[in-house]
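Okay, target-v6.cif now, which holds mmCIF, C-alpha atoms:
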```cif
data_model
loop_
_atom_site.label_atom_id
_atom_site.label_comp_id
_atom_site.auth_asym_id
_atom_site.auth_seq_id
_atom_site.Cartn_x
_atom_site.Cartn_y
_atom_site.Cartn_z
CA MET G 1 0.00 0.00 0.00
CA ASN G 2 1.44 3.37 -0.94
CA ARG G 3 2.21 6.08 1.59
CA PHE G 4 -0.75 8.26 0.62
CA PHE G 5 -3.30 5.62 1.57
CA ARG G 6 -1.44 4.79 4.77
CA CYS G 7 -1.62 8.44 5.83
CA LEU G 8 -5.33 8.58 5.14
CA ALA G 9 -6.14 5.23 6.72
CA ALA G 10 -6.53 6.49 10.28
CA PRO G 11 -9.00 9.36 9.61
CA VAL G 12 -11.38 7.14 7.64
CA LEU G 13 -10.82 3.79 9.33
CA ALA G 14 -13.77 4.18 11.67
CA LEU G 15 -16.04 5.15 8.81
CA ALA G 16 -14.88 2.27 6.63
CA LEU G 17 -15.14 -0.35 9.34
CA GLY G 18 -18.43 1.07 10.53
CA THR G 19 -19.84 0.64 7.04
CA LEU G 20 -18.54 -2.91 6.82
CA ALA G 21 -19.38 -3.98 10.37
CA PRO G 22 -22.74 -5.66 9.65
CA VAL G 23 -21.20 -7.74 6.86
CA THR G 24 -18.26 -8.99 8.88
CA ALA G 25 -20.41 -9.70 11.91
CA SER G 26 -22.98 -11.75 10.05
CA ALA G 27 -20.29 -13.74 8.27
CA GLN G 28 -18.51 -14.33 11.59
CA SER G 29 -15.16 -13.63 9.94
CA PRO G 30 -12.00 -14.14 11.96
CA ALA G 31 -10.20 -11.06 13.32
CA LEU G 32 -8.57 -8.98 10.60
CA ASP G 33 -4.86 -8.34 10.67
CA LYS G 34 -3.29 -4.94 9.93
CA ALA G 35 -2.68 -5.64 6.25
CA GLN G 36 -6.28 -6.73 5.72
CA VAL G 37 -7.62 -3.64 7.45
CA GLU G 38 -5.41 -1.40 5.32
CA GLN G 39 -6.61 -3.15 2.18
CA ILE G 40 -10.23 -2.65 3.23
CA VAL G 41 -9.58 1.05 3.80
CA ARG G 42 -7.77 1.35 0.47
CA ASP G 43 -10.60 -0.33 -1.40
CA TYR G 44 -13.17 1.81 0.39
CA LEU G 45 -11.34 5.03 -0.53
CA LEU G 46 -10.99 4.00 -4.15
CA GLN G 47 -14.69 3.27 -4.33
CA ASN G 48 -15.64 6.43 -2.40
CA PRO G 49 -12.96 9.06 -3.24
CA GLU G 50 -15.19 11.88 -2.04
CA VAL G 51 -14.40 10.71 1.51
CA ILE G 52 -10.83 11.94 1.02
CA ARG G 53 -12.06 15.38 0.02
CA ASP G 54 -14.48 15.54 2.93
CA ALA G 55 -11.80 14.43 5.38
CA LEU G 56 -9.36 17.10 4.15
CA VAL G 57 -12.04 19.80 4.32
CA GLU G 58 -12.89 18.78 7.87
CA LEU G 59 -9.21 18.69 8.85
CA ASP G 60 -8.72 22.19 7.47
CA ARG G 61 -11.79 23.41 9.36
CA ARG G 62 -10.53 21.97 12.63
CA ASP G 63 -7.05 23.43 12.10
CA LYS G 64 -8.49 26.88 11.46
CA GLU G 65 -10.78 26.60 14.46
CA ALA G 66 -7.87 25.60 16.71
CA GLU G 67 -5.74 28.45 15.34
CA ALA G 68 -8.54 30.96 15.90
CA THR G 69 -8.96 29.81 19.50
CA ARG G 70 -5.22 30.04 20.12
CA VAL G 71 -4.95 33.49 18.52
CA SER G 72 -7.95 34.80 20.47
CA ALA G 73 -6.34 33.71 23.73
CA MET G 74 -3.08 35.45 22.80
CA LEU G 75 -4.83 38.68 21.82
CA ALA G 76 -6.83 38.69 25.03
CA ASP G 77 -3.72 38.31 27.18
CA LYS G 78 -2.85 41.97 27.73
CA ASP G 79 0.18 41.06 29.85
CA GLY G 80 1.53 38.40 27.49
CA ALA G 81 4.60 38.55 25.27
CA LEU G 82 2.63 39.75 22.25
CA LEU G 83 1.60 43.06 23.78
CA ASN G 84 3.92 43.47 26.75
CA SER G 85 7.24 41.73 26.30
CA ARG G 86 10.29 43.13 28.05
CA HIS G 87 12.08 42.75 24.70
CA GLN G 88 9.81 44.85 22.55
CA VAL G 89 10.12 48.37 21.18
CA VAL G 90 7.21 50.73 21.83
CA LEU G 91 6.65 53.81 19.68
CA GLY G 92 4.02 56.49 20.10
CA ASN G 93 2.08 56.73 23.34
CA PRO G 94 3.19 53.97 25.77
CA ASP G 95 -0.16 54.37 27.55
CA GLY G 96 -2.22 54.62 24.37
CA ASP G 97 -5.75 53.28 24.27
CA VAL G 98 -5.11 51.16 21.15
CA THR G 99 -2.09 48.98 20.47
CA MET G 100 -0.91 48.03 17.00
CA VAL G 101 1.77 45.35 16.73
CA GLU G 102 3.93 45.13 13.60
CA PHE G 103 6.12 42.19 12.59
CA PHE G 104 8.74 43.42 10.13
CA ASP G 105 12.02 42.63 8.36
CA TYR G 106 14.46 45.36 7.30
CA ASN G 107 14.92 43.67 3.91
CA CYS G 108 11.20 43.47 3.23
CA GLY G 109 10.25 45.73 0.33
CA TYR G 110 6.63 45.92 1.48
CA CYS G 111 7.79 46.93 4.98
CA LYS G 112 9.75 49.79 3.44
CA ARG G 113 6.65 50.99 1.61
CA ALA G 114 4.48 50.54 4.70
CA MET G 115 6.82 52.62 6.86
CA ALA G 116 5.22 55.85 5.64
CA ASP G 117 1.81 54.54 6.75
CA MET G 118 3.19 53.79 10.21
CA GLU G 119 4.77 57.22 10.53
CA ARG G 120 1.57 58.92 9.42
CA LEU G 121 -0.51 56.98 11.95
CA LEU G 122 1.92 57.82 14.75
CA ASP G 123 1.99 61.51 13.82
CA GLU G 124 -1.80 61.81 13.53
CA ASP G 125 -2.86 59.70 16.51
CA PRO G 126 -1.53 60.77 19.93
CA ASN G 127 -3.25 57.81 21.61
CA LEU G 128 -1.77 55.09 19.42
CA ARG G 129 0.69 52.63 20.93
CA VAL G 130 2.85 50.78 18.39
CA VAL G 131 4.78 47.65 19.31
CA LEU G 132 7.53 46.61 16.91
CA LYS G 133 8.61 42.99 16.56
CA GLU G 134 11.93 42.28 14.84
CA TYR G 135 11.02 39.32 12.62
CA PRO G 136 13.97 38.51 10.32
CA VAL G 137 12.60 36.00 7.83
CA LEU G 138 14.60 36.91 4.73
CA GLY G 139 17.89 35.22 5.52
CA GLN G 140 21.09 35.78 7.46
CA PRO G 141 21.53 39.45 6.44
CA SER G 142 18.12 40.23 7.95
CA PHE G 143 19.05 38.38 11.13
CA GLU G 144 22.28 40.39 11.40
CA ALA G 145 20.37 43.65 10.92
CA ALA G 146 17.82 42.64 13.56
CA GLN G 147 20.55 41.85 16.09
CA ILE G 148 22.11 45.28 15.66
CA ALA G 149 18.70 46.98 15.79
CA ILE G 150 17.99 45.30 19.13
CA ALA G 151 21.39 46.48 20.35
CA VAL G 152 20.59 50.03 19.23
CA ASN G 153 17.37 49.97 21.24
CA ALA G 154 19.26 48.72 24.29
CA LEU G 155 21.90 51.45 24.01
CA ALA G 156 19.76 54.38 22.84
CA PRO G 157 16.03 53.61 23.14
CA ASP G 158 15.08 57.27 22.68
CA ARG G 159 16.67 57.21 19.22
CA TYR G 160 15.30 53.90 17.99
CA ARG G 161 12.54 55.47 15.91
CA GLU G 162 15.12 57.58 14.10
CA PHE G 163 17.21 54.47 13.48
CA HIS G 164 14.16 52.48 12.36
CA VAL G 165 13.15 55.07 9.78
CA ALA G 166 16.73 55.33 8.51
CA MET G 167 16.90 51.56 8.06
CA LEU G 168 13.65 51.36 6.13
CA THR G 169 14.50 54.28 3.86
CA MET G 170 18.10 53.38 3.05
CA ARG G 171 18.96 51.88 -0.32
CA GLY G 172 20.48 48.46 -0.68
CA LYS G 173 20.43 45.36 1.47
CA ALA G 174 20.25 45.52 5.25
CA ASP G 175 23.06 43.40 6.68
CA GLN G 176 25.68 43.69 9.38
CA ALA G 177 27.83 46.24 7.53
CA SER G 178 25.04 48.53 6.36
CA THR G 179 23.21 48.42 9.70
CA LEU G 180 26.37 49.24 11.62
CA LYS G 181 26.90 52.16 9.26
CA VAL G 182 23.44 53.55 10.07
CA ALA G 183 23.99 53.11 13.82
CA GLU G 184 27.44 54.70 13.74
CA ALA G 185 26.06 57.66 11.78
CA MET G 186 23.81 58.27 14.78
CA GLY G 187 26.86 58.43 17.05
CA LEU G 188 26.79 54.92 18.51
CA ALA G 189 30.18 53.30 19.00
CA ARG G 190 30.94 50.11 17.10
CA ASP G 191 32.56 48.52 20.17
CA ASP G 192 29.45 49.17 22.27
CA LEU G 193 27.25 47.69 19.57
CA ALA G 194 29.49 44.64 19.23
CA ARG G 195 29.26 43.96 22.96
CA ALA G 196 25.49 44.46 23.03
CA VAL G 197 24.91 42.10 20.10
CA THR G 198 26.61 39.19 21.89
CA LYS G 199 24.25 39.32 24.88
CA ASP G 200 21.82 36.44 25.32
CA ASP G 201 18.96 38.93 25.46
CA VAL G 202 19.37 39.72 21.76
CA ARG G 203 18.88 36.13 20.64
CA ALA G 204 16.07 35.64 23.17
CA ASN G 205 14.30 38.63 21.62
CA VAL G 206 14.34 37.19 18.11
CA GLU G 207 13.43 33.68 19.28
CA GLU G 208 10.45 35.07 21.18
CA VAL G 209 9.20 36.83 18.06
CA TYR G 210 9.62 33.69 15.96
CA ASP G 211 7.52 31.81 18.51
CA LEU G 212 4.81 34.48 18.58
CA ALA G 213 4.63 34.56 14.79
CA ASP G 214 4.33 30.78 14.66
CA GLN G 215 1.46 30.80 17.16
CA LEU G 216 -0.31 33.55 15.21
CA GLY G 217 0.14 31.81 11.87
CA ILE G 218 2.36 34.64 10.60
CA SER G 219 5.05 33.70 8.10
CA GLY G 220 5.69 36.94 6.21
CA THR G 221 6.15 40.67 6.68
CA PRO G 222 4.69 43.09 7.27
CA SER G 223 2.02 41.62 9.51
CA TYR G 224 -0.04 43.49 12.07
CA VAL G 225 -2.10 42.73 15.14
CA ILE G 226 -4.82 45.24 15.96
CA GLY G 227 -7.48 44.41 18.51
CA ASP G 228 -8.78 40.95 17.73
CA ALA G 229 -7.39 40.85 14.17
CA VAL G 230 -4.21 39.55 12.60
CA ILE G 231 -3.62 41.46 9.36
CA LYS G 232 -1.13 39.71 7.08
CA GLY G 233 0.28 41.96 4.40
CA ALA G 234 0.78 45.62 3.53
CA TYR G 235 -2.85 46.68 3.23
CA GLY G 236 -2.04 50.34 3.66
CA TYR G 237 -2.93 53.34 5.78
CA ASP G 238 -6.71 53.25 5.28
CA THR G 239 -7.07 49.63 6.38
CA LEU G 240 -4.91 50.11 9.46
CA LYS G 241 -6.63 53.36 10.44
CA ALA G 242 -10.08 51.80 10.03
CA ALA G 243 -9.09 48.88 12.27
CA ILE G 244 -7.75 51.26 14.93
CA GLN G 245 -10.93 53.33 14.86
CA SER G 246 -13.07 50.21 15.12
CA VAL G 247 -11.15 48.99 18.17
CA ARG G 248 -11.84 52.34 19.84
CA LYS G 249 -15.52 52.08 18.95
CA CYS G 250 -16.36 48.48 19.81
CA GLY G 251 -13.19 46.72 20.97
CA LYS G 252 -12.87 44.80 17.70
CA ALA G 253 -11.01 45.48 14.46
CA ASN G 254 -14.26 45.13 12.53
CA CYS G 255 -17.42 46.29 14.29
#
```
Would you encode the structure as structure tokens?
Amino acid sequence: MNRFFRCLAAPVLALALGTLAPVTASAQSPALDKAQVEQIVRDYLLQNPEVIRDALVELDRRDKEAEATRVSAMLADKDGALLNSRHQVVLGNPDGDVTMVEFFDYNCGYCKRAMADMERLLDEDPNLRVVLKEYPVLGQPSFEAAQIAIAVNALAPDRYREFHVAMLTMRGKADQASTLKVAEAMGLARDDLARAVTKDDVRANVEEVYDLADQLGISGTPSYVIGDAVIKGAYGYDTLKAAIQSVRKCGKANC
């Protein structure tokens, strides 16, 4: 029996055997061994292929339901790592009435375009709290840039926004060399940055964000969390602003 049918055997075994139960009982057949059961399942699936489709649809539904439950719990946990990690960067009003979380990568072209939307929202909305999550998903250069960015925040948190904007507006790839250049242009010493990057806290920061993204079903950048919604992709200023306004109105991103 090929691997495909073996993988599907378990989900439909009960259905197949349930259908066949009256026949086997009346015939008083001896107990079936594993190979015979697998053959019965295989034959059943070949005769009723729609069962495979139905099983996959149901599996997808259950996965989405489980993910939604998990995400809802994370979003409701106001003191959890998503909204209140000791590692995170907070821009705007730290006591704002609405929090927007952004997962980003300095080599993400869409993140660069979305930066203007973020700046506009921060400038227009004095009650907006923005949490930034360094989420380097585009290779080693992005990871190097994220490490240095975390070090910059540790050494000069009041200048992180300036650094962040400079990184997302610079030309070329963000890597160790280019990120150090941006940080040094702000007056930060290379030796201080080198020491800060080696601290365990830097790696713990990135690992925490990877874990959060995995739990939220996020795999790309930019991605946002606003209220009860996870917004995957650069949908632009209007979409983000509407979600923020809705959270203020009814506590949800879509009233």
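CA of Ala145 (chain G) lies 22.7 Å from CA of Gly92 (chain G).
One finds CA of Leu59 (chain G) at 22.1 Å from CA of Ile40 (chain G).
Closest approach to Gly80 (chain G) among G:Ala183, G:Ile52, G:Cys255, G:Leu212: G:Leu212, based on only C-alpha atoms.
Once all atoms listed in the file are considered, the residues situated within 12 Å of the file point (-4.5, 23.9, 12.8) turn out to be Glu58, Leu59, Asp60, Arg61, Arg62, Asp63, Lys64, Glu65, Ala66, Glu67, Ala68, Thr69, Arg70, Val71, Asp214, Gln215, Leu216 and Gly217 of chain G.
Comparing G:Val89, G:Cys108, G:Cys250, G:Ala229 by their smallest distance to Ala76 (chain G), the closest is G:Ala229 (using all atoms listed in the file).
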Show me the residues close to (2.2, 53.8, 8.0) - anything with an atom within 12 Å, counting all atoms listed in the file - and format the list as a ChimeraX atom specification. /G:100,102,110-125,130,165,168,222,224,234-241
Save out the residues we just selected, C-alpha atoms, as a tab-separated table (two decimals), in the frame of the given file.
```tsv
chain	number	residue	atom	x	y	z
G	100	MET	CA	-0.91	48.03	17.00
G	102	GLU	CA	3.93	45.13	13.60
G	110	TYR	CA	6.63	45.92	1.48
G	111	CYS	CA	7.79	46.93	4.98
G	112	LYS	CA	9.75	49.79	3.44
G	113	ARG	CA	6.65	50.99	1.61
G	114	ALA	CA	4.48	50.54	4.70
G	115	MET	CA	6.82	52.62	6.86
G	116	ALA	CA	5.22	55.85	5.64
G	117	ASP	CA	1.81	54.54	6.75
G	118	MET	CA	3.19	53.79	10.21
G	119	GLU	CA	4.77	57.22	10.53
G	120	ARG	CA	1.57	58.92	9.42
G	121	LEU	CA	-0.51	56.98	11.95
G	122	LEU	CA	1.92	57.82	14.75
G	123	ASP	CA	1.99	61.51	13.82
G	124	GLU	CA	-1.80	61.81	13.53
G	125	ASP	CA	-2.86	59.70	16.51
G	130	VAL	CA	2.85	50.78	18.39
G	165	VAL	CA	13.15	55.07	9.78
G	168	LEU	CA	13.65	51.36	6.13
G	222	PRO	CA	4.69	43.09	7.27
G	224	TYR	CA	-0.04	43.49	12.07
G	234	ALA	CA	0.78	45.62	3.53
G	235	TYR	CA	-2.85	46.68	3.23
G	236	GLY	CA	-2.04	50.34	3.66
G	237	TYR	CA	-2.93	53.34	5.78
G	238	ASP	CA	-6.71	53.25	5.28
G	239	THR	CA	-7.07	49.63	6.38
G	240	LEU	CA	-4.91	50.11	9.46
G	241	LYS	CA	-6.63	53.36	10.44
```
If I take CA of Leu82 (chain G) and CA of Val225 (chain G), how far is one from the other in Å, to one decimal? 9.0 Å
For Val206 (chain G), the closest of G:Asp95, G:Asp105, G:Glu50, G:Asp158 counting all atoms listed in the file is G:Asp105
Specify as a ChimeraX atom specification each residue included when the PyMOL selection byres ((chain G and resi 243) around 8) is applied to this file. /G:226-227,239-242,244-247,252-254
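For the set G:Leu91, G:Val101, G:Met186, G:Leu180, the residue with the smallest atom-to-atom gap to Lys232 (chain G) is G:Val101, counting only C-alpha atoms.
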Could you expand the PyMOL selection byres ((chain G and resi 142) around 7) into the explicit residues it covers here, written as a ChimeraX atom specification? /G:105-107,136-141,143-146,174-175
Would you write out, as JSON, numbers by chain, every residue that the PyMOL selection byres ((chain G and resi 160) around 12) captures in this file? {"G": [88, 89, 90, 91, 92, 132, 148, 149, 150, 151, 152, 153, 154, 155, 156, 157, 158, 159, 161, 162, 163, 164, 165, 166, 167, 182, 183, 186, 188]}
